[in-house]
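**Student:** What follows is a structure written as structure tokens; I'll ask about it next.
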Amino acid sequence: MQDTSALTPGMRVLIKGFDDVPEHVFEVHTIEDGFVTGMALTGPLAGEYGEPDIELVLRVLSPDSTGGSQGTA
């Protein structure tokens, strides 16, 4: 995701897969310098707090999305 200025707390985003963790939906709590904080909502890390690098944010999803193709760019 190139432009992160539109990210706000509460948004759901799709996080790029890394290591052995597949793409997953993540709810943003805060936007920091170079990373976001929040909670994984899907996948093997569901329910876990995380601080993924901002480069791992693929796109913003609709509020009720679970990672399907309904997201916006």
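Identifiers in the structure tokens: chain A, B, ... in order shown; residue index from 1 per chain; ligand index from 1 in order shown.
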Taking only chain A into account, list the residues labelled strand (DSSP E or B) by DSSP (computed from the backbone), as a compact mmCIF listing (two decimals) with N, CA and C atoms, in the first residue's frame.
**Tutor:**
```txt
# COMPACT_ATOMS: atom_id res chain seq x y z
N ARG A 12 -10.15 -1.99 8.84
CA ARG A 12 -9.69 -3.36 8.60
C ARG A 12 -8.87 -3.35 7.33
N VAL A 13 -7.71 -3.99 7.40
CA VAL A 13 -6.80 -4.05 6.27
C VAL A 13 -6.41 -5.49 6.00
N LEU A 14 -5.93 -5.74 4.79
CA LEU A 14 -5.41 -7.06 4.45
C LEU A 14 -3.90 -7.01 4.60
N ILE A 15 -3.36 -7.91 5.42
CA ILE A 15 -1.93 -7.99 5.66
C ILE A 15 -1.34 -9.06 4.76
N PHE A 18 3.48 -13.59 5.45
CA PHE A 18 4.90 -13.54 5.78
C PHE A 18 5.28 -14.82 6.52
N VAL A 21 2.84 -17.51 7.78
CA VAL A 21 1.52 -16.93 8.06
C VAL A 21 0.92 -16.43 6.75
N HIS A 24 -3.99 -12.16 5.92
CA HIS A 24 -5.05 -12.17 6.91
C HIS A 24 -5.59 -10.77 7.14
N VAL A 25 -6.81 -10.72 7.67
CA VAL A 25 -7.47 -9.45 7.98
C VAL A 25 -6.97 -8.98 9.34
N PHE A 26 -6.71 -7.68 9.42
CA PHE A 26 -6.11 -7.07 10.61
C PHE A 26 -6.87 -5.79 10.91
N GLU A 27 -7.27 -5.59 12.16
CA GLU A 27 -7.92 -4.34 12.56
C GLU A 27 -6.89 -3.40 13.14
N VAL A 28 -6.78 -2.22 12.55
CA VAL A 28 -5.78 -1.23 12.96
C VAL A 28 -6.22 -0.52 14.24
N HIS A 29 -5.32 -0.47 15.22
CA HIS A 29 -5.56 0.29 16.45
C HIS A 29 -4.85 1.63 16.41
N THR A 30 -3.57 1.63 16.00
CA THR A 30 -2.81 2.88 15.86
C THR A 30 -1.93 2.79 14.62
N ILE A 31 -1.59 3.97 14.10
CA ILE A 31 -0.68 4.07 12.98
C ILE A 31 0.59 4.73 13.51
N PHE A 35 4.95 1.28 11.01
CA PHE A 35 4.17 0.09 11.33
C PHE A 35 2.80 0.48 11.87
N VAL A 36 1.92 -0.50 11.93
CA VAL A 36 0.60 -0.32 12.55
C VAL A 36 0.49 -1.28 13.73
N THR A 37 -0.36 -0.94 14.67
CA THR A 37 -0.64 -1.86 15.76
C THR A 37 -2.10 -2.28 15.66
N GLY A 38 -2.41 -3.45 16.21
CA GLY A 38 -3.79 -3.90 16.19
C GLY A 38 -3.94 -5.38 16.43
N MET A 39 -5.04 -5.92 15.92
CA MET A 39 -5.43 -7.29 16.19
C MET A 39 -5.71 -8.05 14.90
N ALA A 40 -5.13 -9.24 14.78
CA ALA A 40 -5.44 -10.11 13.65
C ALA A 40 -6.86 -10.65 13.84
N TYR A 49 -2.53 -9.78 19.21
CA TYR A 49 -2.03 -8.43 19.00
C TYR A 49 -0.82 -8.50 18.06
N GLY A 50 -0.65 -7.49 17.21
CA GLY A 50 0.51 -7.47 16.34
C GLY A 50 0.94 -6.06 15.99
N ASP A 53 4.80 -4.32 9.87
CA ASP A 53 5.36 -3.20 9.10
C ASP A 53 4.31 -2.66 8.16
N VAL A 57 0.81 -3.95 4.64
CA VAL A 57 -0.59 -3.61 4.41
C VAL A 57 -0.83 -3.59 2.90
N LEU A 58 -1.64 -4.53 2.43
CA LEU A 58 -1.93 -4.62 1.00
C LEU A 58 -3.02 -3.65 0.56
N ARG A 59 -4.09 -3.58 1.34
CA ARG A 59 -5.20 -2.69 1.00
C ARG A 59 -6.15 -2.57 2.18
N VAL A 60 -6.97 -1.52 2.11
CA VAL A 60 -8.02 -1.31 3.10
C VAL A 60 -9.23 -2.13 2.66
N LEU A 61 -9.87 -2.77 3.62
CA LEU A 61 -11.05 -3.59 3.35
C LEU A 61 -12.31 -2.89 3.81
N THR A 72 -11.07 -2.05 -1.12
CA THR A 72 -10.82 -0.92 -1.99
C THR A 72 -9.34 -0.65 -2.02
```
**Student:** Measure the distance from atom CA of A:Asp19 to atom CA of A:Ala6 in Å and round it to one decimal.
**Tutor:**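 Computing the Euclidean distance for atom CA of A:Asp19 and atom CA of A:Ala6 yields 27.2 Å.
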**Student:** Tell me, in Å to one decimal, how far atom CA of A:Pro22 is from atom CA of A:Leu7.
**Tutor:**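 Rounded to one decimal, the two atoms are 21.8 Å apart.
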**Student:** So the first atom is atom CA of A:Asp20 and the second is atom CA of A:Ile54; what is the distance between them in Å, to one decimal place?
**Tutor:**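 We find that atom CA of A:Asp20 and atom CA of A:Ile54 lie 18.6 Å from each other.
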